[in-house]
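Novice: Just one file: data01.txt, with compact mmCIF, C-alpha atoms.
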# COMPACT_ATOMS: atom_id res chain seq x y z
CA MET A 157 59.60 -55.28 -48.49
CA ASN A 158 59.59 -58.90 -47.35
CA PRO A 159 56.16 -60.14 -46.11
CA LEU A 160 57.64 -61.39 -42.86
CA LEU A 161 59.23 -57.99 -42.22
CA GLY A 162 55.88 -56.33 -42.97
CA PHE A 163 54.11 -58.59 -40.50
CA ALA A 164 56.81 -58.00 -37.89
CA ILE A 165 56.35 -54.22 -38.26
CA VAL A 166 52.56 -54.43 -37.88
CA ALA A 167 52.77 -56.79 -34.90
CA SER A 168 55.40 -54.57 -33.25
CA ILE A 169 53.21 -51.48 -33.68
CA PHE A 170 50.35 -53.04 -31.74
CA ALA A 171 52.73 -54.60 -29.22
CA ILE A 172 54.00 -51.11 -28.38
CA GLY A 173 50.38 -49.98 -28.23
CA ASP A 174 49.62 -52.71 -25.70
CA ILE A 175 52.54 -51.64 -23.52
CA VAL A 176 51.51 -47.97 -23.60
CA SER A 177 47.89 -48.91 -22.85
CA ILE A 178 48.94 -50.97 -19.82
CA LYS A 179 51.26 -48.21 -18.54
CA SER A 180 48.52 -45.58 -18.92
CA LYS A 181 45.82 -47.83 -17.38
CA SER A 182 44.00 -47.87 -20.73
CA LEU A 183 43.69 -44.06 -20.91
CA ILE A 184 45.81 -44.23 -24.08
CA SER A 185 44.37 -46.97 -26.25
CA VAL A 186 46.14 -49.48 -28.46
CA LEU A 187 44.29 -48.04 -31.44
CA PHE A 188 45.50 -44.51 -30.70
CA VAL A 189 49.13 -45.61 -30.53
CA GLY A 190 48.67 -47.70 -33.66
CA SER A 191 47.13 -44.82 -35.59
CA VAL A 192 50.03 -42.53 -34.70
CA PHE A 193 52.57 -45.08 -35.90
CA TYR A 194 50.64 -45.76 -39.10
CA LEU A 195 50.12 -42.08 -39.91
CA VAL A 196 53.73 -41.08 -39.29
CA GLY A 197 54.94 -44.23 -41.04
CA PHE A 198 52.80 -43.63 -44.13
CA TRP A 199 54.02 -40.05 -44.26
CA THR A 200 57.66 -41.15 -44.02
CA ILE A 201 59.00 -44.69 -44.52
CA PHE A 202 56.11 -47.17 -44.65
CA PRO A 203 54.90 -48.42 -48.03
CA HIS A 204 51.22 -47.52 -48.51
CA ASP A 205 50.38 -51.19 -49.03
CA LEU A 206 52.04 -52.31 -45.77
CA ASN A 207 49.09 -54.47 -44.70
CA THR A 208 48.92 -56.12 -48.12
CA ILE A 209 52.65 -56.88 -47.99
CA ALA A 210 52.17 -58.34 -44.51
CA GLN A 211 49.43 -60.60 -45.98
CA LEU A 212 46.92 -59.15 -43.50
CA GLN A 213 44.63 -57.25 -45.84
CA GLY A 214 42.89 -60.27 -47.32
CA VAL A 215 43.04 -62.33 -44.14
CA GLY A 216 41.64 -59.50 -42.03
CA ALA A 217 38.79 -58.82 -44.45
CA MET A 218 37.89 -62.52 -44.48
CA LEU A 219 37.97 -62.80 -40.69
CA ILE A 220 35.60 -59.88 -39.97
CA GLY A 221 32.48 -62.03 -40.15
CA VAL A 222 34.16 -64.76 -38.09
CA LEU A 223 35.14 -62.24 -35.41
CA ILE A 224 31.64 -60.79 -35.16
CA THR A 225 30.20 -64.30 -34.88
CA HIS A 226 32.68 -64.86 -32.06
CA MET A 227 31.45 -61.63 -30.42
CA GLY A 228 27.95 -63.08 -30.47
CA THR A 229 29.15 -66.11 -28.49
CA LEU A 230 30.32 -63.75 -25.72
CA MET A 231 26.79 -62.50 -25.09
CA ASN A 232 24.55 -63.97 -22.46
CA ILE A 233 20.84 -63.38 -22.97
CA ARG A 234 19.97 -64.30 -19.39
CA GLN A 235 22.39 -61.70 -18.05
CA LEU A 236 20.88 -59.09 -20.36
CA ILE A 237 17.44 -59.91 -18.97
CA ASP A 238 18.69 -59.64 -15.38
CA GLN A 239 20.17 -56.22 -16.16
CA TRP A 240 17.21 -54.98 -18.22
CA LYS A 241 17.42 -51.45 -16.82
CA THR A 242 21.04 -51.20 -17.93
CA VAL A 243 20.11 -52.48 -21.38
CA LEU A 244 17.38 -49.85 -21.77
CA VAL A 245 19.68 -47.02 -20.64
CA ALA A 246 22.46 -48.20 -22.98
CA ILE A 247 20.07 -48.34 -25.94
CA ALA A 248 18.72 -44.89 -25.01
CA ALA A 249 22.29 -43.53 -25.04
CA LEU A 250 22.81 -44.80 -28.58
CA VAL A 251 19.51 -43.28 -29.64
CA GLY A 252 20.75 -40.00 -28.15
CA ILE A 253 23.96 -40.29 -30.15
CA GLY A 254 22.03 -41.03 -33.33
CA ILE A 255 19.65 -38.07 -32.89
CA LEU A 256 22.22 -35.44 -31.90
CA VAL A 257 25.06 -36.53 -34.18
CA PHE A 258 22.80 -37.11 -37.17
CA GLY A 259 20.60 -34.08 -36.53
CA GLY A 260 23.14 -31.57 -35.26
CA GLY A 261 26.01 -33.01 -37.26
CA SER A 262 24.04 -32.80 -40.50
CA LEU A 263 23.37 -29.12 -39.89
CA LEU A 264 26.93 -28.29 -38.88
CA PHE A 265 29.07 -30.59 -41.00
CA GLY A 266 26.82 -32.18 -43.65
CA ARG A 267 24.65 -35.28 -43.87
CA GLU A 268 27.36 -37.69 -45.06
CA VAL A 269 29.73 -36.64 -42.26
CA ALA A 270 27.00 -37.18 -39.66
CA ILE A 271 26.07 -40.62 -41.04
CA SER A 272 29.72 -41.69 -41.10
CA ALA A 273 30.39 -40.43 -37.58
CA ALA A 274 27.42 -41.70 -35.54
CA PRO A 275 28.10 -45.48 -35.55
CA PRO A 276 31.82 -45.27 -34.64
CA ILE A 277 30.95 -42.93 -31.77
CA ALA A 278 28.19 -45.29 -30.63
CA GLY A 279 30.47 -48.31 -30.63
CA GLY A 280 33.98 -49.42 -31.29
CA VAL A 281 36.14 -51.28 -33.74
CA VAL A 282 33.48 -53.25 -35.61
CA ALA A 283 31.04 -50.34 -36.02
CA GLY A 284 33.92 -48.18 -37.23
CA LEU A 285 35.04 -50.87 -39.64
CA ILE A 286 31.56 -51.19 -41.14
CA MET A 287 31.48 -47.44 -41.78
CA THR A 288 35.02 -47.31 -43.18
CA GLU A 289 34.10 -50.06 -45.62
CA ALA A 290 30.82 -48.35 -46.57
CA THR A 291 32.41 -44.94 -47.13
CA ALA A 292 35.38 -46.41 -49.01
CA ALA A 293 32.99 -48.30 -51.30
CA LYS A 294 31.34 -44.96 -52.15
CA GLY A 295 34.70 -43.33 -52.84
CA LEU A 296 34.37 -41.06 -49.79
CA THR A 297 38.02 -41.20 -48.77
CA GLU A 298 37.93 -38.39 -46.19
CA LEU A 299 34.91 -39.90 -44.45
CA SER A 300 36.58 -43.30 -44.35
CA VAL A 301 39.52 -41.70 -42.56
CA LEU A 302 37.10 -39.83 -40.28
CA ALA A 303 35.41 -43.07 -39.20
CA THR A 304 38.80 -44.58 -38.40
CA LEU A 305 39.93 -41.56 -36.39
CA LEU A 306 36.71 -41.49 -34.36
CA VAL A 307 37.31 -45.05 -33.21
CA VAL A 308 40.82 -44.03 -32.22
CA VAL A 309 40.11 -40.87 -30.20
CA GLN A 310 36.68 -41.42 -28.65
CA GLY A 311 38.18 -42.83 -25.45
CA PHE A 312 39.81 -39.49 -24.68
CA ILE A 313 36.35 -38.08 -24.03
CA GLY A 314 34.71 -41.24 -22.70
CA TYR A 315 37.29 -42.26 -20.09
CA PRO A 316 37.48 -39.05 -18.00
CA LEU A 317 33.72 -38.43 -18.12
CA ALA A 318 32.86 -42.01 -17.12
CA SER A 319 35.53 -41.98 -14.40
CA PHE A 320 34.01 -38.81 -12.92
CA CYS A 321 30.49 -40.30 -12.95
CA LEU A 322 31.57 -43.65 -11.45
CA THR A 323 33.55 -41.98 -8.68
CA ARG A 324 30.51 -39.89 -7.68
CA GLU A 325 28.33 -43.01 -7.83
CA ALA A 326 30.80 -44.88 -5.61
CA ARG A 327 30.57 -42.12 -2.99
CA ARG A 328 26.77 -42.34 -3.11
CA VAL A 329 26.98 -46.08 -2.44
CA LEU A 330 29.08 -45.58 0.68
CA ARG A 331 26.84 -42.78 1.94
CA GLY A 332 23.84 -45.07 1.63
CA GLU A 333 22.04 -42.79 -0.81
CA LEU A 334 21.08 -45.64 -3.15
CA PRO A 335 18.59 -48.50 -2.99
CA GLN A 336 19.93 -51.77 -1.62
CA THR A 337 22.96 -52.80 -3.62
CA GLU A 338 22.15 -55.34 -6.30
CA ALA A 339 23.78 -58.73 -6.05
CA MET A 340 26.24 -59.38 -8.81
CA VAL A 341 25.06 -61.84 -11.42
CA GLN A 342 27.05 -65.04 -11.22
CA GLN A 343 28.85 -65.17 -14.54
CA THR A 344 29.63 -68.87 -14.49
CA ALA A 345 26.12 -69.99 -13.62
CA ALA A 346 24.57 -67.74 -16.24
CA ALA A 347 27.03 -68.87 -18.86
CA GLU A 348 25.94 -72.46 -18.50
CA ASN A 349 22.20 -71.86 -18.61
CA GLY A 350 20.67 -70.32 -21.71
CA ILE A 351 17.07 -69.20 -21.92
CA LEU A 352 16.17 -71.33 -24.95
CA LYS A 353 14.58 -74.69 -24.17
CA PHE A 354 16.24 -76.40 -27.15
CA ARG A 355 19.92 -77.04 -26.64
CA LEU A 356 22.24 -79.39 -28.48
CA PRO A 357 24.26 -81.87 -26.45
CA ALA A 358 27.73 -80.62 -25.66
CA MET A 359 30.50 -81.77 -27.97
CA PRO A 360 32.87 -84.16 -26.17
CA GLN A 361 35.92 -82.32 -24.89
CA GLN A 362 38.37 -84.43 -26.89
CA TYR A 363 36.78 -83.24 -30.14
CA GLN A 364 36.93 -79.54 -29.24
CA THR A 365 40.22 -79.11 -31.05
CA GLN A 366 41.46 -75.86 -32.56
CA PHE A 367 40.55 -76.98 -36.07
CA VAL A 368 37.08 -78.19 -35.12
CA LEU A 369 36.27 -74.95 -33.29
CA MET A 370 37.58 -72.82 -36.15
CA ALA A 371 35.57 -74.83 -38.67
CA LYS A 372 32.36 -74.45 -36.65
CA VAL A 373 32.58 -70.68 -36.26
CA ALA A 374 33.59 -70.25 -39.92
CA VAL A 375 30.61 -72.29 -41.15
CA VAL A 376 28.18 -70.34 -38.95
CA ALA A 377 29.65 -67.03 -40.15
CA TYR A 378 29.37 -68.11 -43.79
CA ALA A 379 25.77 -69.23 -43.29
CA ALA A 380 24.90 -65.87 -41.74
CA VAL A 381 26.46 -63.84 -44.56
CA SER A 382 24.87 -66.05 -47.20
CA LEU A 383 21.42 -65.66 -45.65
CA ALA A 384 21.79 -61.88 -45.38
CA ASN A 385 22.78 -61.65 -49.04
CA ALA A 386 19.98 -64.00 -50.10
CA ILE A 387 17.14 -61.91 -48.67
CA PRO A 388 16.17 -59.42 -51.40
CA GLY A 389 14.91 -56.01 -50.37
CA VAL A 390 15.70 -56.46 -46.67
CA PRO A 391 18.44 -54.05 -45.54
CA ILE A 392 20.09 -56.38 -43.04
CA HIS A 393 23.84 -55.90 -43.08
CA PRO A 394 25.70 -59.23 -43.31
CA TYR A 395 27.74 -58.37 -40.22
CA VAL A 396 24.57 -57.78 -38.21
CA MET A 397 23.39 -61.22 -39.30
CA THR A 398 26.67 -62.83 -38.19
CA LEU A 399 26.23 -61.24 -34.76
CA LEU A 400 22.70 -62.63 -34.44
CA PHE A 401 23.82 -66.07 -35.63
CA GLY A 402 26.64 -66.05 -33.08
CA ILE A 403 24.27 -65.23 -30.22
CA VAL A 404 21.72 -67.89 -31.17
CA ALA A 405 24.35 -70.53 -31.98
CA ALA A 406 25.92 -70.07 -28.54
CA GLU A 407 22.52 -70.18 -26.82
CA ILE A 408 21.60 -73.52 -28.41
CA GLY A 409 25.05 -75.00 -27.85
CA LEU A 410 26.11 -75.14 -31.49
CA LEU A 411 29.07 -72.86 -30.77
CA GLU A 412 31.09 -72.77 -27.58
CA LYS A 413 31.28 -69.56 -25.56
CA ASP A 414 34.31 -67.39 -26.41
CA ILE A 415 35.05 -69.80 -29.23
CA LEU A 416 37.99 -68.08 -30.92
CA THR A 417 39.86 -67.79 -27.64
CA LYS A 418 39.34 -71.52 -27.04
CA ALA A 419 40.64 -72.13 -30.57
CA ASN A 420 43.75 -70.06 -29.75
CA ALA A 421 42.90 -67.86 -32.75
CA PHE A 422 41.56 -64.66 -31.21
CA GLY A 423 44.89 -62.86 -30.91
CA PHE A 424 45.79 -63.24 -34.58
CA ALA A 425 42.25 -62.46 -35.69
CA ILE A 426 42.04 -59.21 -33.72
CA LEU A 427 45.51 -58.18 -34.91
CA SER A 428 44.34 -58.63 -38.50
CA LEU A 429 41.19 -56.64 -37.81
CA MET A 430 43.06 -53.72 -36.24
CA ALA A 431 45.45 -53.67 -39.18
CA ILE A 432 42.47 -53.46 -41.56
CA ILE A 433 41.11 -50.45 -39.67
CA MET A 434 44.42 -48.63 -40.12
CA THR A 435 44.60 -49.29 -43.85
CA ASN A 436 42.58 -46.19 -44.80
CA LEU A 437 45.08 -43.96 -43.02
CA ASN A 438 47.43 -44.43 -45.98
CA GLN A 439 45.27 -41.87 -47.78
CA ALA A 440 45.29 -39.33 -44.96
CA THR A 441 47.53 -36.38 -45.73
CA PRO A 442 48.44 -33.85 -43.00
CA GLU A 443 46.15 -31.36 -44.74
CA MET A 444 43.23 -33.83 -44.74
CA LEU A 445 43.82 -34.64 -41.08
CA ALA A 446 43.79 -30.95 -40.16
CA GLY A 447 40.54 -30.49 -42.07
CA LEU A 448 38.89 -33.38 -40.21
CA LEU A 449 39.69 -32.16 -36.69
CA VAL A 450 36.68 -29.84 -36.40
CA PRO A 451 34.01 -32.32 -37.61
CA MET A 452 35.66 -35.13 -35.64
CA PHE A 453 35.64 -33.37 -32.27
CA GLY A 454 32.39 -31.60 -33.07
CA CYS A 455 30.62 -34.92 -33.63
CA LEU A 456 32.24 -36.42 -30.53
CA ILE A 457 30.99 -33.53 -28.39
CA LEU A 458 27.51 -33.86 -29.87
CA GLY A 459 27.61 -37.59 -29.17
CA ALA A 460 28.65 -37.05 -25.53
CA ILE A 461 25.82 -34.53 -25.06
CA GLY A 462 23.36 -36.97 -26.63
CA ILE A 463 24.55 -39.71 -24.28
CA GLY A 464 24.18 -37.48 -21.23
CA ILE A 465 20.69 -36.28 -22.07
CA ALA A 466 19.17 -39.58 -23.23
CA SER A 467 20.74 -41.86 -20.60
CA SER A 468 19.95 -39.48 -17.72
CA LEU A 469 16.31 -39.09 -18.74
CA VAL A 470 15.71 -42.82 -19.14
CA GLY A 471 17.81 -43.64 -16.08
CA ARG A 472 15.83 -41.27 -13.89
CA PHE A 473 12.60 -42.91 -15.06
CA LEU A 474 14.03 -46.33 -14.16
CA GLY A 475 15.29 -45.24 -10.73
CA LEU A 476 19.01 -44.85 -11.55
CA THR A 477 21.06 -41.82 -10.55
CA PRO A 478 22.18 -39.44 -13.33
CA GLU A 479 25.80 -40.45 -12.66
CA MET A 480 25.16 -44.18 -12.99
CA ALA A 481 22.98 -43.74 -16.05
CA SER A 482 25.53 -41.45 -17.73
CA ALA A 483 28.37 -43.90 -17.02
CA ILE A 484 26.31 -46.68 -18.58
CA GLY A 485 25.76 -44.58 -21.71
CA LEU A 486 29.39 -43.46 -21.90
CA SER A 487 30.48 -47.11 -22.14
CA ALA A 488 29.74 -46.72 -25.85
CA LEU A 489 32.91 -44.64 -26.11
CA PHE A 490 35.27 -47.33 -24.85
CA GLY A 491 33.60 -50.68 -24.04
CA PHE A 492 35.42 -53.59 -22.40
CA PRO A 493 38.02 -53.68 -20.80
CA GLY A 494 37.53 -49.99 -20.02
CA THR A 495 34.25 -50.76 -18.26
CA PHE A 496 36.04 -53.21 -15.98
CA ILE A 497 39.08 -51.02 -15.34
CA LEU A 498 37.18 -47.79 -14.60
CA SER A 499 34.80 -49.59 -12.21
CA HIS A 500 37.73 -50.91 -10.19
CA GLU A 501 39.54 -47.57 -10.28
CA ALA A 502 36.45 -45.81 -8.88
CA ALA A 503 36.11 -48.42 -6.13
CA ASN A 504 39.81 -48.16 -5.24
CA ALA A 505 39.67 -44.37 -5.17
CA VAL A 506 36.72 -44.17 -2.77
CA ALA A 507 36.78 -47.33 -0.63
CA THR A 508 38.84 -47.48 2.56
CA ASN A 509 38.66 -51.25 2.98
CA GLU A 510 37.81 -54.44 1.08
CA GLU A 511 34.25 -54.52 2.35
CA GLU A 512 33.51 -51.05 0.98
CA LYS A 513 35.22 -51.90 -2.28
CA LYS A 514 33.07 -55.00 -2.70
CA LYS A 515 29.92 -53.02 -1.92
CA ILE A 516 30.77 -50.49 -4.63
CA LEU A 517 31.72 -53.09 -7.22
CA ASP A 518 28.58 -55.14 -6.55
CA HIS A 519 26.60 -52.08 -7.53
CA ILE A 520 28.46 -50.64 -10.51
CA LEU A 521 30.46 -53.48 -12.11
CA PRO A 522 27.58 -55.68 -13.40
CA LYS A 523 25.93 -52.63 -14.94
CA MET A 524 29.10 -51.43 -16.63
CA LEU A 525 30.01 -54.86 -18.01
CA VAL A 526 26.55 -55.37 -19.50
CA ALA A 527 26.49 -51.79 -20.79
CA GLY A 528 29.76 -52.24 -22.65
CA PHE A 529 28.55 -55.42 -24.34
CA VAL A 530 25.20 -53.87 -25.30
CA THR A 531 26.62 -50.66 -26.76
CA VAL A 532 29.84 -51.83 -28.39
CA THR A 533 29.04 -55.45 -29.24
CA ILE A 534 25.37 -55.39 -30.25
CA ALA A 535 23.62 -52.04 -30.68
CA SER A 536 26.44 -50.17 -32.42
CA VAL A 537 26.84 -52.97 -34.98
CA VAL A 538 23.12 -52.82 -35.72
CA MET A 539 23.30 -49.02 -35.98
CA ALA A 540 26.29 -49.22 -38.33
CA GLY A 541 24.51 -51.72 -40.57
CA PHE A 542 21.50 -49.39 -40.66
CA PHE A 543 23.44 -46.17 -41.28
CA ALA A 544 25.65 -47.78 -43.94
CA ASN A 545 22.58 -48.11 -46.14
CA TRP A 546 21.94 -44.36 -45.87
CA LEU A 547 25.15 -43.25 -47.57
Output the structure of this file as structure tokens.
Specialist:
Amino acid sequence: MNPLLGFAIVASIFAIGDIVSIKSKSLISVLFVGSVFYLVGFWTIFPHDLNTIAQLQGVGAMLIGVLITHMGTLMNIRQLIDQWKTVLVAIAALVGIGILVFGGGSLLFGREVAISAAPPIAGGVVAGLIMTEATAAKGLTELSVLATLLVVVQGFIGYPLASFCLTREARRVLRGELPQTEAMVQQTAAAENGILKFRLPAMPQQYQTQFVLMAKVAVVAYAAVSLANAIPGVPIHPYVMTLLFGIVAAEIGLLEKDILTKANAFGFAILSLMAIIMTNLNQATPEMLAGLLVPMFGCLILGAIGIGIASSLVGRFLGLTPEMASAIGLSALFGFPGTFILSHEAANAVATNEEEKKKILDHILPKMLVAGFVTVTIASVVMAGFFANWL
């Protein structure tokens, strides 16, 4: 197969996934559509090295650290401080996932299954990728496929549960059963003001070219990975280090916020990453897939129960309703843009005018946006780096 044809096939798969996701209002994810195409394709007409032919295997693997560094530049430490209750509930939800999936999953499905399943359930693409790499390196083919599938299907549980919770919370807002609605944090103001006193002078706009921005984020990512590998005896996963470097570099002004998007490179980078995730499906036979259904949905159910228990308990202590706290925790199962879309859908479903809609969104949207970043972008990556060392 010609490399250009291979790339065209991969790009078309995710293009169709985008269309289906938009039509279904994100209830059917791009990753789910992509996994179906890859599985059926590998079982029929696709060569098993499709991503290698398309020249995406090496590129995608190289760009992982760059992408996670970019994710760090999206974080805003001041916003996390303003929404400290949300941060605590989100972290509690991931602890609940870790305890129930690792504890209950180990008893029901085995220790290695539980370790492989917890981080993808607690986060998204990056956490799943860390576990697929870790399991593949150990020769655990079935568990590598399991980690991939969990990333793909977790939204089918997360979306309806979170939608139910947010709709009930929206009704509470309109009935006046909540404390005074919190004012929404001004994104633009927060983005310009970090909490660190030291900040480098901004690079002149004319020098913020695509190549300069790409070089900066690549150098920071390389420095992070090199430092992680240079610390003997400290189990810090290199990808966790790239995330931390990205956050700090953005706070001090070394890297621009949302740097890959400004470099016009994010689309290609995320396409390469999603292709990498699907690579392990070339080893998934129909028999293997059937054998993974029970542990996959079993671990997902355990994770959802863990989220509900842990987030509700901590949320009640912090003065949040069980519905709001559960929705915050469930953000781990889908992240952004699901957090944004579901918040607006709940407001549209309950509000009768623009004033009511604004009142609802002022209450739930800041919490859901922060929750999605905390669970999917930060905490799940840390969890994956930690659990990967347990295999």
Novice: Just checking: using only C-alpha atoms, which residue out of A:Ile534, A:Ile461, A:Leu317, A:Val282 ends up closest to A:Gly252?
Specialist: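 Distance minimum relative to A:Gly252 lands on A:Ile461.
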Novice: Restricting the calculation to all atoms listed in the file, which member of A:Gln310, A:Asn420, A:Thr531, A:Thr398 is positioned closest to A:Thr225?
Specialist: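 Selected residue with least distance to A:Thr225: A:Thr398.
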Novice: Find the spatial neighbours of stretch 202-217 of chain A, counting all atoms listed in the file, within a cut-off of 7 Å - ignore same-chain residues fewer than 6 positions away - and output them as number ranges by chain.
Specialist: A: 159-160, 162-163, 428-429, 431-432, 435, 438
Novice: Measure the distance from atom CA of A:Leu264 to atom CA of A:Leu244 in Å and round it to one decimal.
Specialist: 29.1 Å
Novice: Residues near A:Lys294, anyone? I mean within 12 Å using all atoms listed in the file, not counting same-chain ones fewer than 5 positions away, as a PyMOL selection string.
Specialist: chain A and resi 268+272+287-289+299-300+544-547
Novice: Please measure the separation of atom CA of A:Phe354 and atom CA of A:Val376, giving the value in Å to one decimal.
Specialist: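 Going from atom CA of A:Phe354 over to atom CA of A:Val376 covers 17.8 Å.
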Novice: Between atom CA of A:Met157 and atom CA of A:Gly221, measure the distance and give it in Å to one decimal.
Specialist: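 About the pair atom CA of A:Met157 and atom CA of A:Gly221: they are 29.2 Å apart.
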Novice: Show me a table, sorted first by chain and then by increasing residue number, of the residues of stretch 433-465 of chain A having an atom at most 9 Å from stretch 469-484 of chain A, each with its shortest atom pair and the distance in Å to one decimal, counting all atoms listed in the file and written as JSON lines.
Specialist:
{"residue": "A:Ile463", "atom": "CA", "partner": "A:Ser482", "partner_atom": "CA", "distance": 6.8}
{"residue": "A:Gly464", "atom": "CA", "partner": "A:Ser482", "partner_atom": "CA", "distance": 5.5}
{"residue": "A:Ile465", "atom": "CA", "partner": "A:Leu469", "partner_atom": "CA", "distance": 6.2}
Novice: For a cut-off of 10 Å around (21.3, -52.0, -30.6), file coordinates, pick out all residues using only C-alpha atoms and list them as a list of chain:residue names.
Specialist: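 Selection result: A:Val243, A:Leu244, A:Ala246, A:Ile247, A:Ala248, A:Leu250, A:Val251, A:Ala278, A:Gly279, A:Val530, A:Thr531, A:Val532, A:Thr533, A:Ile534, A:Ala535, A:Ser536, A:Val537, A:Val538, A:Met539, A:Ala540.
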Novice: As JSON, please report the centre and edge lengths, rounded to one decimal in Å, of the axis-aligned box that holds all listed atoms of stretch 301-320 of chain A with 5 Å of padding on each of the six sides.
Specialist:
{"center_x": 36.8, "center_y": -41.6, "center_z": -27.7, "size_x": 18.0, "size_y": 17.0, "size_z": 39.6}
Novice: Would you mind telling me which residue in A:Ala466, A:Ala502, A:Val404, A:Ala292 lies nearest to A:Val245 when using all atoms listed in the file?
Specialist: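 Smallest distance to A:Val245 is found for A:Ala466.
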Novice: Return the single residue from A:Ala171, A:Met227, A:Leu187, A:Ala419 that is closest to A:Val309, with distances computed using all atoms listed in the file.
Specialist: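 For A:Val309, the nearest of the candidates is A:Leu187.
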Novice: For A:Ser382, find every residue with an atom within 12 Å (counting all atoms listed in the file), except residues of its own chain fewer than 3 positions away, and show them as a list in words.
Specialist: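 Result of the neighbour search: Gly221, Val375, Val376, Ala377, Tyr378, Ala379, Asn385, Ala386, Ile387, Pro388, Ile392, His393, Pro394, Tyr395, Met397, Thr398 and Phe401 of chain A.
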Novice: Report as a ChimeraX atom specification all protein, DNA and RNA residues lying within 9 Å of A:Leu330, evaluated on only C-alpha atoms, omitting residues in the same chain fewer than 3 positions from it.
Specialist: /A:325-327,333-334,506-507,512,515-516
Novice: From the set A:Leu489, A:Val373, A:Ile457, A:Ala274, which residue has the shortest atom-to-atom contact distance to A:Phe529, counting all atoms listed in the file?
Specialist: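 So, comparing all the options, the nearest one is A:Leu489.
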Novice: Got a sec: who's within 12 Å of stretch 359-365 of chain A, counting all atoms listed in the file, leaving out chain neighbours fewer than 6 positions off, as a ChimeraX atom specification?
Specialist: /A:371-372,409-412,415-421
Novice: Quick one: stretch 447-462 of chain A with N, CA and C atoms, as a short mmCIF file (atom, residue, chain, number, x, y, z; two decimals), in the first residue's frame?
Specialist:
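That gives us selection28.cif:
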data_model
loop_
_atom_site.label_atom_id
_atom_site.label_comp_id
_atom_site.auth_asym_id
_atom_site.auth_seq_id
_atom_site.Cartn_x
_atom_site.Cartn_y
_atom_site.Cartn_z
N GLY A 447 -13.88 -12.21 24.81
CA GLY A 447 -13.38 -12.54 26.13
C GLY A 447 -13.11 -11.34 27.01
N LEU A 448 -12.95 -10.15 26.39
CA LEU A 448 -12.65 -8.94 27.15
C LEU A 448 -13.91 -8.17 27.55
N LEU A 449 -15.07 -8.54 27.02
CA LEU A 449 -16.28 -7.78 27.29
C LEU A 449 -16.64 -7.76 28.78
N VAL A 450 -16.55 -8.92 29.42
CA VAL A 450 -16.93 -8.99 30.84
C VAL A 450 -16.00 -8.16 31.72
N PRO A 451 -14.66 -8.35 31.64
CA PRO A 451 -13.80 -7.49 32.47
C PRO A 451 -13.89 -6.02 32.10
N MET A 452 -14.10 -5.70 30.83
CA MET A 452 -14.19 -4.31 30.41
C MET A 452 -15.39 -3.61 31.05
N PHE A 453 -16.58 -4.18 30.88
CA PHE A 453 -17.76 -3.55 31.45
C PHE A 453 -17.83 -3.72 32.95
N GLY A 454 -17.25 -4.80 33.46
CA GLY A 454 -17.19 -4.99 34.91
C GLY A 454 -16.36 -3.90 35.57
N CYS A 455 -15.20 -3.61 34.99
CA CYS A 455 -14.33 -2.56 35.55
C CYS A 455 -14.97 -1.18 35.38
N LEU A 456 -15.66 -0.95 34.27
CA LEU A 456 -16.33 0.32 34.06
C LEU A 456 -17.43 0.55 35.11
N ILE A 457 -18.19 -0.50 35.39
CA ILE A 457 -19.25 -0.38 36.40
C ILE A 457 -18.65 -0.14 37.77
N LEU A 458 -17.57 -0.85 38.10
CA LEU A 458 -16.89 -0.61 39.37
C LEU A 458 -16.37 0.82 39.45
N GLY A 459 -15.82 1.32 38.34
CA GLY A 459 -15.32 2.69 38.31
C GLY A 459 -16.43 3.70 38.52
N ALA A 460 -17.59 3.49 37.89
CA ALA A 460 -18.72 4.41 38.05
C ALA A 460 -19.22 4.41 39.49
N ILE A 461 -19.26 3.23 40.11
CA ILE A 461 -19.68 3.14 41.51
C ILE A 461 -18.67 3.87 42.40
N GLY A 462 -17.38 3.66 42.13
CA GLY A 462 -16.35 4.35 42.90
C GLY A 462 -16.46 5.86 42.78
#
